[in-house]
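Asks: Contents are TSV, C-alpha atoms and all ligand atoms; file name target.tsv:
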chain	number	residue	atom	x	y	z
J	29	MET	CA	-8.75	0.63	22.37
J	30	PRO	CA	-7.85	-3.07	22.37
J	31	PRO	CA	-4.27	-3.98	23.30
J	32	LEU	CA	-2.14	-3.29	20.28
J	33	HIS	CA	-0.60	-6.71	20.09
J	34	SER	CA	-2.60	-8.93	22.40
J	35	SER	CA	-1.81	-11.91	20.22
J	36	THR	CA	1.90	-11.19	19.99
J	37	GLN	CA	2.84	-9.94	23.48
J	38	HIS	CA	6.15	-11.34	24.76
J	39	GLN	CA	6.88	-12.90	21.39
J	40	PRO	CA	9.97	-11.92	19.37
J	41	PRO	CA	9.21	-9.28	16.75
J	42	LEU	CA	8.29	-10.39	13.25
J	43	ARG	CA	11.20	-9.53	10.95
J	44	LEU	CA	10.54	-7.98	7.56
J	45	LEU	CA	12.34	-6.66	4.49
J	46	LEU	CA	10.44	-3.92	2.66
J	47	ASP	CA	11.02	-3.44	-1.08
J	48	CYS	CA	9.45	-0.10	-1.96
J	49	ASP	CA	9.26	2.99	-4.18
J	50	PRO	CA	8.70	5.87	-1.72
J	51	GLY	CA	6.17	7.29	-2.49
J	52	LEU	CA	3.62	8.94	-0.25
J	53	ASP	CA	2.10	5.71	1.07
J	54	ASP	CA	5.40	3.82	1.03
J	55	ALA	CA	6.65	6.45	3.48
J	56	LEU	CA	3.69	5.81	5.78
J	57	ALA	CA	4.30	2.06	5.46
J	58	LEU	CA	7.93	2.56	6.52
J	59	LEU	CA	6.70	4.54	9.54
J	60	LEU	CA	4.51	1.60	10.57
J	61	ALA	CA	7.25	-0.99	9.97
J	62	HIS	CA	9.63	1.05	12.13
J	63	ALA	CA	7.16	2.00	14.84
J	64	ASP	CA	5.45	-1.31	15.61
J	65	PRO	CA	7.33	-3.11	18.40
J	66	ALA	CA	5.88	-6.36	17.05
J	67	LEU	CA	7.86	-5.77	13.84
J	68	GLN	CA	11.58	-5.52	13.14
J	69	LEU	CA	12.55	-3.88	9.86
J	70	VAL	CA	15.74	-5.68	8.83
J	71	ALA	CA	16.36	-4.06	5.42
J	72	VAL	CA	14.83	-1.64	2.94
J	73	THR	CA	15.33	-2.05	-0.78
J	74	THR	CA	14.28	0.50	-3.37
J	75	VAL	CA	13.00	0.23	-6.92
J	76	GLY	CA	12.13	2.71	-9.61
J	77	GLY	CA	8.39	3.17	-9.67
J	78	ASN	CA	6.42	6.15	-8.42
J	79	VAL	CA	9.44	8.27	-9.23
J	80	SER	CA	12.98	7.51	-10.39
J	81	LEU	CA	15.22	5.09	-8.52
J	82	GLU	CA	17.43	8.03	-7.62
J	83	ASN	CA	14.47	9.73	-5.95
J	84	THR	CA	12.98	6.63	-4.30
J	85	THR	CA	16.41	5.82	-2.85
J	86	ARG	CA	17.04	9.38	-1.68
J	87	ASN	CA	13.59	9.37	-0.08
J	88	ALA	CA	14.24	6.05	1.66
J	89	LEU	CA	17.52	7.38	3.09
J	90	GLN	CA	15.87	10.59	4.30
J	91	LEU	CA	12.97	8.64	5.80
J	92	ARG	CA	15.45	6.37	7.60
J	93	GLN	CA	17.13	9.36	9.18
J	94	TYR	CA	13.94	11.31	9.98
J	95	LEU	CA	12.04	8.33	11.42
J	96	GLY	CA	15.12	6.97	13.19
J	97	PHE	CA	15.96	3.51	11.82
J	98	GLU	CA	19.53	4.40	10.92
J	99	ARG	CA	20.91	0.90	11.53
J	100	VAL	CA	18.65	-0.60	8.85
J	101	PRO	CA	20.46	-0.94	5.49
J	102	VAL	CA	18.92	0.73	2.44
J	103	ALA	CA	19.94	-0.88	-0.85
J	104	ALA	CA	19.04	0.48	-4.28
J	105	GLY	CA	17.76	-1.88	-6.96
J	106	ALA	CA	16.35	-1.78	-10.45
J	107	PRO	CA	15.93	1.62	-12.08
J	108	ALA	CA	13.60	0.30	-14.78
J	109	PRO	CA	11.24	-2.61	-15.51
J	110	LEU	CA	12.47	-5.90	-16.92
J	111	ALA	CA	11.35	-5.35	-20.47
J	112	ARG	CA	9.66	-2.01	-21.00
J	113	PRO	CA	10.25	1.70	-20.39
J	114	ALA	CA	9.94	3.02	-16.85
J	115	ARG	CA	6.56	4.38	-15.83
J	116	SER	CA	6.07	7.24	-13.39
J	117	ALA	CA	3.43	8.26	-10.86
J	118	ALA	CA	4.97	11.68	-10.22
J	119	HIS	CA	1.58	13.19	-11.05
J	120	VAL	CA	0.32	11.48	-7.89
J	121	HIS	CA	3.36	11.59	-5.59
J	122	GLY	CA	5.03	14.79	-6.79
J	123	GLU	CA	8.27	15.00	-8.75
J	124	GLU	CA	10.36	14.32	-5.63
J	125	GLY	CA	8.06	11.48	-4.55
J	126	LEU	CA	6.97	12.68	-1.11
J	127	GLY	CA	4.47	15.32	-2.12
J	128	ASP	CA	5.41	18.64	-0.54
J	129	VAL	CA	7.20	17.00	2.38
J	130	ARG	CA	10.89	17.89	2.29
J	131	LEU	CA	12.97	15.91	4.73
J	132	PRO	CA	16.47	16.89	5.81
J	133	VAL	CA	19.30	15.66	3.62
J	134	ALA	CA	20.38	12.18	4.68
J	135	GLY	CA	23.82	12.01	6.27
J	136	ALA	CA	24.36	8.36	5.35
J	137	ALA	CA	24.50	6.77	1.92
J	138	ALA	CA	22.79	3.68	0.58
J	139	SER	CA	24.43	0.28	0.96
J	140	THR	CA	26.99	-0.63	-1.68
J	141	ALA	CA	25.13	-3.92	-2.11
J	142	HIS	CA	22.47	-4.15	-4.80
J	143	ALA	CA	18.88	-4.60	-3.63
J	144	VAL	CA	18.65	-7.99	-5.31
J	145	ASP	CA	21.70	-9.25	-3.43
J	146	THR	CA	20.31	-7.78	-0.21
J	147	ILE	CA	16.99	-9.58	-0.69
J	148	VAL	CA	18.63	-12.94	-1.51
J	149	ASP	CA	21.29	-12.72	1.20
J	150	THR	CA	18.85	-11.55	3.91
J	151	LEU	CA	16.47	-14.42	3.19
J	152	ARG	CA	19.26	-16.99	2.86
J	153	ASP	CA	20.82	-15.95	6.17
J	154	SER	CA	17.54	-16.40	8.08
J	155	PRO	CA	15.48	-19.04	6.28
J	156	GLY	CA	11.83	-18.96	7.35
J	157	ASP	CA	12.37	-15.92	9.54
J	158	VAL	CA	12.02	-12.82	7.36
J	159	HIS	CA	8.74	-11.67	5.80
J	160	LEU	CA	9.26	-10.20	2.32
J	161	VAL	CA	6.98	-7.24	1.61
J	162	ALA	CA	6.82	-5.38	-1.70
J	163	THR	CA	4.99	-2.09	-2.18
J	164	GLY	CA	6.30	-1.02	-5.57
J	165	PRO	CA	6.80	-2.60	-8.99
J	166	LEU	CA	8.04	-6.19	-8.60
J	167	THR	CA	11.24	-5.81	-10.64
J	168	ASN	CA	13.65	-6.44	-7.74
J	169	ILE	CA	11.62	-9.44	-6.60
J	170	ALA	CA	11.64	-10.99	-10.08
J	171	LEU	CA	15.39	-10.41	-10.40
J	172	ALA	CA	15.93	-12.00	-6.98
J	173	LEU	CA	13.90	-15.05	-8.06
J	174	ARG	CA	16.00	-15.34	-11.22
J	175	ARG	CA	19.20	-15.14	-9.18
J	176	GLU	CA	18.07	-17.51	-6.43
J	177	PRO	CA	14.77	-19.40	-6.90
J	178	ARG	CA	15.09	-20.79	-3.39
J	179	ILE	CA	13.96	-17.50	-1.87
J	180	VAL	CA	10.44	-18.94	-2.23
J	181	GLU	CA	11.44	-21.42	0.48
J	182	TRP	CA	13.31	-18.93	2.64
J	183	ALA	CA	10.75	-16.12	2.86
J	184	ALA	CA	8.55	-16.48	5.94
J	185	SER	CA	5.78	-14.96	3.80
J	186	PHE	CA	5.54	-12.78	0.71
J	187	VAL	CA	3.09	-9.88	0.82
J	188	ILE	CA	2.52	-7.30	-1.90
J	189	MET	CA	0.50	-4.18	-2.32
J	190	GLY	CA	-0.52	-4.64	-5.92
J	191	GLY	CA	-3.11	-5.78	-8.39
J	192	SER	CA	-6.87	-5.77	-8.28
J	193	TYR	CA	-9.69	-8.21	-9.03
J	194	THR	CA	-12.00	-5.40	-10.04
J	195	ARG	CA	-10.73	-2.08	-11.39
J	196	GLY	CA	-7.31	-0.61	-11.96
J	197	ASN	CA	-5.92	2.82	-11.21
J	198	ALA	CA	-3.10	3.19	-13.74
J	199	THR	CA	-5.55	2.01	-16.42
J	200	PRO	CA	-9.13	0.77	-16.12
J	201	ALA	CA	-7.68	-2.75	-15.97
J	202	ALA	CA	-4.35	-2.45	-14.14
J	203	GLU	CA	-3.07	-1.29	-10.78
J	204	PHE	CA	0.11	0.80	-10.94
J	205	ASN	CA	2.63	-1.58	-9.31
J	206	ILE	CA	1.70	-4.38	-11.70
J	207	TYR	CA	1.19	-2.05	-14.68
J	208	ALA	CA	4.68	-0.62	-14.20
J	209	ASP	CA	6.31	-4.04	-14.74
J	210	PRO	CA	3.88	-6.76	-15.88
J	211	GLU	CA	6.66	-9.12	-16.91
J	212	ALA	CA	8.15	-9.00	-13.42
J	213	ALA	CA	4.76	-9.51	-11.82
J	214	ALA	CA	4.02	-12.47	-14.09
J	215	GLU	CA	7.29	-14.15	-13.05
J	216	VAL	CA	6.62	-13.41	-9.38
J	217	PHE	CA	3.11	-14.90	-9.39
J	218	ALA	CA	4.37	-17.91	-11.38
J	219	ALA	CA	7.03	-18.76	-8.80
J	220	ASN	CA	6.46	-21.61	-6.38
J	221	TRP	CA	5.20	-19.63	-3.39
J	222	ASN	CA	1.96	-18.09	-2.12
J	223	VAL	CA	1.62	-14.40	-2.87
J	224	VAL	CA	-0.47	-12.44	-0.39
J	225	MET	CA	-2.01	-9.97	-2.79
J	226	ILE	CA	-3.37	-6.83	-1.17
J	227	GLY	CA	-4.88	-5.06	-4.15
J	228	LEU	CA	-6.97	-1.99	-4.73
J	229	ASP	CA	-10.13	-3.86	-3.78
J	230	ALA	CA	-8.81	-3.93	-0.22
J	231	THR	CA	-6.60	-0.84	-0.03
J	232	LEU	CA	-9.30	1.52	-1.30
J	233	GLN	CA	-11.08	0.70	1.96
J	234	ALA	CA	-8.13	2.19	3.91
J	235	ILE	CA	-8.88	5.83	3.23
J	236	ALA	CA	-7.42	8.77	5.17
J	237	THR	CA	-10.78	10.47	5.56
J	238	PRO	CA	-11.09	13.91	7.17
J	239	THR	CA	-11.86	12.18	10.49
J	240	ILE	CA	-8.72	10.05	10.20
J	241	VAL	CA	-6.66	13.08	9.17
J	242	ASP	CA	-7.85	14.87	12.31
J	243	ARG	CA	-6.65	11.89	14.38
J	244	MET	CA	-3.28	12.12	12.62
J	245	ARG	CA	-3.02	15.77	13.65
J	246	ALA	CA	-3.07	14.61	17.28
J	247	LEU	CA	0.34	12.95	16.71
J	248	GLY	CA	2.20	16.23	17.07
J	249	SER	CA	4.57	17.23	14.31
J	250	LEU	CA	4.80	13.62	13.13
J	251	GLY	CA	1.15	14.14	12.25
J	252	THR	CA	0.96	17.73	11.13
J	253	GLU	CA	4.33	17.83	9.32
J	254	PHE	CA	4.56	14.25	8.03
J	255	ALA	CA	1.54	11.92	8.08
J	256	VAL	CA	-1.09	14.55	7.23
J	257	PRO	CA	0.71	16.13	4.24
J	258	LEU	CA	1.59	12.68	2.90
J	259	SER	CA	-2.03	11.57	3.29
J	260	THR	CA	-3.63	14.67	1.76
J	261	PHE	CA	-1.20	15.70	-0.99
J	262	TRP	CA	-3.59	15.31	-3.91
J	263	THR	CA	-6.95	15.35	-2.21
J	264	ASP	CA	-9.14	18.40	-1.99
J	265	PRO	CA	-10.69	18.52	1.49
J	266	ASN	CA	-13.28	20.86	0.06
J	267	ASP	CA	-14.35	18.27	-2.50
J	268	ALA	CA	-17.22	16.49	-0.82
J	269	ASP	CA	-17.17	13.83	-3.53
J	270	TRP	CA	-13.62	12.74	-2.73
J	271	PRO	CA	-13.36	10.87	0.60
J	272	GLY	CA	-9.55	11.09	0.87
J	273	GLN	CA	-6.38	9.25	-0.14
J	274	ALA	CA	-5.92	5.51	0.27
J	275	VAL	CA	-2.87	4.49	2.27
J	276	HIS	CA	-2.35	1.50	-0.02
J	277	ASP	CA	1.12	0.38	1.10
J	278	VAL	CA	0.38	0.67	4.81
J	279	CYS	CA	-2.01	-2.28	4.36
J	280	ALA	CA	0.84	-4.56	3.24
J	281	VAL	CA	2.94	-3.91	6.35
J	282	ALA	CA	-0.13	-4.04	8.59
J	283	TYR	CA	-0.97	-7.49	7.19
J	284	VAL	CA	2.32	-8.91	8.51
J	285	ALA	CA	1.70	-7.68	12.06
J	286	ARG	CA	-2.07	-7.96	12.14
J	287	PRO	CA	-3.46	-10.41	9.58
J	288	ASP	CA	-6.56	-10.55	11.78
J	289	LEU	CA	-7.56	-7.16	10.39
J	290	PHE	CA	-8.05	-8.63	6.92
J	291	VAL	CA	-10.29	-11.16	5.17
J	292	SER	CA	-8.84	-13.07	2.22
J	293	ARG	CA	-9.60	-15.90	-0.22
J	294	PRO	CA	-7.34	-18.30	-2.11
J	295	ALA	CA	-7.13	-17.68	-5.85
J	296	LEU	CA	-5.13	-18.40	-8.95
J	297	VAL	CA	-3.67	-15.09	-10.14
J	298	ARG	CA	-2.16	-14.60	-13.57
J	299	VAL	CA	-0.82	-11.37	-15.01
J	300	GLU	CA	-1.69	-10.12	-18.48
J	301	THR	CA	1.43	-8.93	-20.30
J	302	GLU	CA	0.20	-8.71	-23.91
J	303	GLY	CA	-3.18	-6.98	-23.84
J	304	GLU	CA	-3.45	-3.71	-25.71
J	305	TYR	CA	-5.95	-2.46	-23.14
J	306	THR	CA	-5.31	-4.94	-20.32
J	307	SER	CA	-1.53	-5.08	-19.90
J	308	GLY	CA	-0.73	-5.34	-16.21
J	309	MET	CA	-4.14	-6.69	-15.27
J	310	THR	CA	-4.16	-9.30	-12.49
J	311	VAL	CA	-6.60	-11.95	-13.66
J	312	VAL	CA	-7.90	-13.41	-10.40
J	313	ASP	CA	-9.64	-16.80	-10.43
J	314	PHE	CA	-11.26	-17.40	-7.06
J	315	ASN	CA	-12.62	-20.68	-8.39
J	316	ALA	CA	-9.07	-21.98	-8.32
J	317	ALA	CA	-9.83	-23.03	-4.77
J	318	ASP	CA	-12.19	-25.65	-6.18
J	319	PRO	CA	-10.71	-29.15	-5.72
J	320	ASP	CA	-10.64	-29.87	-9.44
J	321	ALA	CA	-9.14	-26.50	-10.41
J	322	ALA	CA	-5.53	-25.45	-10.79
J	323	ASP	CA	-3.85	-24.91	-7.44
J	324	PRO	CA	-4.17	-21.38	-6.07
J	325	ASN	CA	-0.94	-19.37	-6.01
J	326	ALA	CA	-2.23	-16.43	-4.03
J	327	THR	CA	-4.09	-15.30	-0.96
J	328	VAL	CA	-6.16	-12.36	-2.18
J	329	VAL	CA	-7.33	-9.89	0.46
J	330	THR	CA	-10.92	-8.77	-0.03
J	331	THR	CA	-11.87	-6.91	3.14
J	332	VAL	CA	-10.25	-4.65	5.73
J	333	ASP	CA	-11.64	-4.12	9.22
J	334	VAL	CA	-11.30	-0.39	8.66
J	335	ASP	CA	-11.96	0.89	12.18
J	336	ALA	CA	-9.62	-1.66	13.76
J	337	PHE	CA	-7.02	-0.96	11.01
J	338	TRP	CA	-6.91	2.74	11.82
J	339	ASP	CA	-6.94	2.14	15.60
J	340	TYR	CA	-3.92	-0.14	15.10
J	341	VAL	CA	-2.01	2.13	12.70
J	342	LEU	CA	-2.59	5.38	14.58
J	343	GLY	CA	-1.93	3.66	17.90
J	344	VAL	CA	1.45	2.36	16.66
J	345	TRP	CA	2.41	5.67	15.05
J	346	ALA	CA	1.66	7.36	18.40
J	347	LEU	CA	4.30	5.17	20.05
J	348	VAL	CA	7.14	6.86	18.17
J	349	ALA	CA	5.68	10.35	17.71
J	350	PRO	CA	7.36	11.88	20.78
J	351	GLU	CA	10.86	10.65	19.90
J	352	ILE	CA	10.53	11.75	16.28
J	353	ASP	CA	9.19	15.14	17.35
J	354	ASP	CA	12.05	15.57	19.84
J	355	ARG	CA	14.68	14.59	17.30
J	356	ALA	CA	13.25	16.96	14.69
J	357	ALA	CA	12.98	19.82	17.21
J	358	HIS	CA	16.56	19.38	18.42
J	359	ALA	CA	17.83	19.28	14.85
J	360	GLY	CA	15.69	22.29	13.95
J	361	GLU	CA	14.35	20.24	11.09
J	362	ARG	CA	11.49	21.38	8.92
J	363	THR	CA	9.67	18.90	6.71
J	364	ARG	CA	7.45	21.10	4.58
J	365	GLY	CA	8.67	22.45	1.27
J	401	LIG	O1	-1.51	1.57	-6.85
J	401	LIG	C1	-0.96	1.98	-5.62
J	401	LIG	C2	0.48	1.65	-5.57
J	401	LIG	O2	1.18	2.35	-6.57
J	401	LIG	C3	1.14	2.08	-4.24
J	401	LIG	O3	2.19	1.21	-3.96
J	401	LIG	C4	1.67	3.45	-4.55
J	401	LIG	O4	2.82	3.77	-3.76
J	401	LIG	C5	2.08	3.28	-5.99
J	401	LIG	O5	3.37	2.71	-6.00
J	402	CA	CA	4.44	2.07	-3.52
Spit out the file's structure as C-alpha cells when you get a sec.
Replies:
Amino acid sequence: MPPLHSSTQHQPPLRLLLDCDPGLDDALALLLAHADPALQLVAVTTVGGNVSLENTTRNALQLRQYLGFERVPVAAGAPAPLARPARSAAHVHGEEGLGDVRLPVAGAAASTAHAVDTIVDTLRDSPGDVHLVATGPLTNIALALRREPRIVEWAASFVIMGGSYTRGNATPAAEFNIYADPEAAAEVFAANWNVVMIGLDATLQAIATPTIVDRMRALGSLGTEFAVPLSTFWTDPNDADWPGQAVHDVCAVAYVARPDLFVSRPALVRVETEGEYTSGMTVVDFNAADPDAADPNATVVTTVDVDAFWDYVLGVWALVAPEIDDRAAHAGERTRG
C-alpha cells in the first residue's frame, strides 16, 4: 500500500468544516474527516436533508461522541429549504438517519451558535485556511453567503457532494442534495467562487462492493458494527444485479485530503429551479472552458481512482479503529438497533 500521505507528510493538517445531513454516508465521511491525520475537522454544521434537522443534529452529536471528536463544535442550521417544503430521504437512510445503527445517547449538546454563524465566523477567523465541505442540501451555505458574501474569499476551497451531469437519483434529472433545495444551490453556484462539484457521475464509482465490505469487516467493531451496517443498509447482498451502496459523501472529504485520487474538468454549472420535471437539475456546460465561453464556476469531478480511493479510505479508518473499539468496549456500547 502506498504511504497514506506521501505528499503531505510533515505538513500541518488541512482544516475543514463539514456541513452535513447524517445520513449513512455523511457518517462515513465524518469518520474519514476525523481519522485522517492529514485533516483537522474544526466544526460540524447540520442541515435538514436526509432526515429532519432534529435527527441529523442528534446523529452528528452521537457520531462525535462515538468516533471521539468531542472537542469539535456541532452547530445546527436550517431545518427546511429556502423556499419550498422539506424533502426526506428516510426511505434510504432510515427514519433515524443512520440505518439500523443505534449509537449511544450523546452526553453533550449542540453549540448554542447557529450553523450559519459558525460557518461565517470559522471562515472569517482563519481566512484562506479552512476548507468548506458540504454533503447535504446547500441551505446553510446559501444563508451564510447571504449573511457574509466574503466567505467566498475566506474559504480555502469549497467542495460539495451534489449534482450530476448525467442522471439524477431523487428524480431522473436531479441529485438529492440539489433537489432538496434548488434555490439554495442556484445561489451557491452563482456566488463568486469555484465549486468543486463531486456529483453522482463520480460518487457512483465509489461503491461498497462485497469485496470492500469484507475489507471493512477487518476493522474490528468499527467495521462490523459501524461501517458495514452503514454501507449495506439498503442493499441486498443476495441481489447479484446490485453491486452495493455508493459512499457518496466520503468522496467529498477524500477530495480535500487526496485530490490526486480524482479527475475533474472546469465547467459552468447552473441549477434549474423552475422545471416541472427538471427542478434541481445541475446543468453542466463543459464547453464553458472554451476561451470565448462564459467563465467556468465549477470544477466537476468525472473520475475516481477507485482502487486507490478504497486503499486510502480503509487505510485511514484502520488508524482509529483500535481506539474506537476500545472506547466502545469500555463503555459497553452497542451500536446495532
Ligand atoms: O445523493 C446523495 C446525497 O444525498 C448524499 O449526500 C446522501 O447523504 C444524501 O444526502
Ligand atoms: Ca449527505
Asks: Just want the residues within 9 Å of ligand LIG 401 (chain J), written as a PyMOL selection string, counting all atoms listed in the file.
Replies: chain J and resi 48-55+77-79+117+120-121+162-165+188-191+196-198+202-206+208+227-228+231+274-278
Asks: Counting all atoms listed in the file, figure out which residue out of J:Ala143, J:Val281, J:Glu215, J:Pro210 gets nearest to ligand CA 402 (chain J).
Replies: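 Result for the nearest residue to ligand CA 402 (chain J): J:Val281.
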Asks: Using Å and a single decimal, report how far CA of Ala103 in chain J sits from CA of Thr73 in chain J.
Replies: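 So the two atoms, CA of Thr73 in chain J and CA of Ala103 in chain J, lie 4.8 Å apart.
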Asks: Using all atoms listed in the file for the distances, tell me which of J:Leu126, J:Leu347, J:Ala114, J:Leu95 is nearest to ligand CA 402 (chain J).
Replies: J:Leu126
Asks: Taking only C-alpha atoms and all ligand atoms into account, name the residue in J:Ala280, J:Val133, J:Ala106, J:Val348 that is nearest to ligand CA 402 (chain J).
Replies: J:Ala280
Asks: Could you work out how far CA of Leu166 in chain J lies from CA of Val299 in chain J, giving the answer in Å with one decimal?
Replies: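 If I compute the distance from CA of Val299 in chain J to CA of Leu166 in chain J, I get 12.1 Å.
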Asks: Model the absent atoms of range 185-194 of chain J so that all heavy atoms are present, and write the result as an mmCIF file, in the frame of the given file.
Replies:
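Just written: part-v5.cif:
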data_model
loop_
_atom_site.group_PDB
_atom_site.id
_atom_site.type_symbol
_atom_site.label_atom_id
_atom_site.label_comp_id
_atom_site.auth_asym_id
_atom_site.auth_seq_id
_atom_site.Cartn_x
_atom_site.Cartn_y
_atom_site.Cartn_z
ATOM 1 N N SER J 185 6.992 -15.206 4.598
ATOM 2 C CA SER J 185 5.780 -14.960 3.800
ATOM 3 C C SER J 185 6.171 -13.928 2.744
ATOM 4 O O SER J 185 7.232 -13.298 2.844
ATOM 5 C CB SER J 185 4.620 -14.420 4.653
ATOM 6 O OG SER J 185 4.869 -13.068 5.038
ATOM 7 N N PHE J 186 5.286 -13.775 1.762
ATOM 8 C CA PHE J 186 5.540 -12.780 0.710
ATOM 9 C C PHE J 186 4.254 -12.003 0.500
ATOM 10 O O PHE J 186 3.226 -12.603 0.101
ATOM 11 C CB PHE J 186 5.999 -13.455 -0.584
ATOM 12 C CG PHE J 186 6.164 -12.490 -1.729
ATOM 13 C CD1 PHE J 186 6.931 -11.332 -1.587
ATOM 14 C CD2 PHE J 186 5.539 -12.720 -2.952
ATOM 15 C CE1 PHE J 186 7.073 -10.428 -2.632
ATOM 16 C CE2 PHE J 186 5.680 -11.831 -4.009
ATOM 17 C CZ PHE J 186 6.451 -10.681 -3.842
ATOM 18 N N VAL J 187 4.280 -10.728 0.825
ATOM 19 C CA VAL J 187 3.090 -9.880 0.820
ATOM 20 C C VAL J 187 3.324 -8.707 -0.122
ATOM 21 O O VAL J 187 4.380 -8.055 -0.062
ATOM 22 C CB VAL J 187 2.784 -9.324 2.225
ATOM 23 C CG1 VAL J 187 1.502 -8.498 2.216
ATOM 24 C CG2 VAL J 187 2.678 -10.462 3.249
ATOM 25 N N ILE J 188 2.369 -8.451 -1.012
ATOM 26 C CA ILE J 188 2.520 -7.300 -1.900
ATOM 27 C C ILE J 188 1.315 -6.380 -1.777
ATOM 28 O O ILE J 188 0.181 -6.837 -1.515
ATOM 29 C CB ILE J 188 2.693 -7.712 -3.383
ATOM 30 C CG1 ILE J 188 1.389 -8.244 -3.985
ATOM 31 C CG2 ILE J 188 3.825 -8.701 -3.552
ATOM 32 C CD1 ILE J 188 1.436 -8.371 -5.519
ATOM 33 N N MET J 189 1.577 -5.093 -1.958
ATOM 34 C CA MET J 189 0.500 -4.180 -2.320
ATOM 35 C C MET J 189 0.562 -4.173 -3.844
ATOM 36 O O MET J 189 1.553 -3.718 -4.427
ATOM 37 C CB MET J 189 0.707 -2.768 -1.796
ATOM 38 C CG MET J 189 -0.525 -1.897 -1.985
ATOM 39 S SD MET J 189 -0.661 -1.261 -3.703
ATOM 40 C CE MET J 189 -2.424 -1.556 -4.031
ATOM 41 N N GLY J 190 -0.516 -4.648 -4.472
ATOM 42 C CA GLY J 190 -0.520 -4.640 -5.920
ATOM 43 C C GLY J 190 -1.712 -5.385 -6.465
ATOM 44 O O GLY J 190 -2.287 -6.234 -5.791
ATOM 45 N N GLY J 191 -2.051 -5.054 -7.704
ATOM 46 C CA GLY J 191 -3.110 -5.780 -8.390
ATOM 47 C C GLY J 191 -4.507 -5.324 -7.989
ATOM 48 O O GLY J 191 -4.689 -4.375 -7.224
ATOM 49 N N SER J 192 -5.461 -6.055 -8.559
ATOM 50 C CA SER J 192 -6.870 -5.770 -8.280
ATOM 51 C C SER J 192 -7.694 -6.855 -8.950
ATOM 52 O O SER J 192 -7.317 -7.350 -10.014
ATOM 53 C CB SER J 192 -7.249 -4.403 -8.875
ATOM 54 O OG SER J 192 -8.672 -4.229 -8.840
ATOM 55 N N TYR J 193 -8.809 -7.266 -8.329
ATOM 56 C CA TYR J 193 -9.690 -8.210 -9.030
ATOM 57 C C TYR J 193 -10.923 -7.507 -9.554
ATOM 58 O O TYR J 193 -11.849 -8.136 -10.054
ATOM 59 C CB TYR J 193 -10.049 -9.418 -8.157
ATOM 60 C CG TYR J 193 -10.705 -9.120 -6.834
ATOM 61 C CD1 TYR J 193 -12.079 -8.932 -6.721
ATOM 62 C CD2 TYR J 193 -9.927 -9.041 -5.682
ATOM 63 C CE1 TYR J 193 -12.673 -8.665 -5.495
ATOM 64 C CE2 TYR J 193 -10.514 -8.780 -4.446
ATOM 65 C CZ TYR J 193 -11.881 -8.604 -4.351
ATOM 66 O OH TYR J 193 -12.454 -8.351 -3.136
ATOM 67 N N THR J 194 -10.897 -6.175 -9.450
ATOM 68 C CA THR J 194 -12.000 -5.400 -10.040
ATOM 69 C C THR J 194 -11.404 -4.360 -10.977
ATOM 70 O O THR J 194 -11.085 -4.653 -12.108
ATOM 71 C CB THR J 194 -12.843 -4.731 -8.930
ATOM 72 O OG1 THR J 194 -11.963 -4.007 -8.071
ATOM 73 C CG2 THR J 194 -13.646 -5.756 -8.154
#
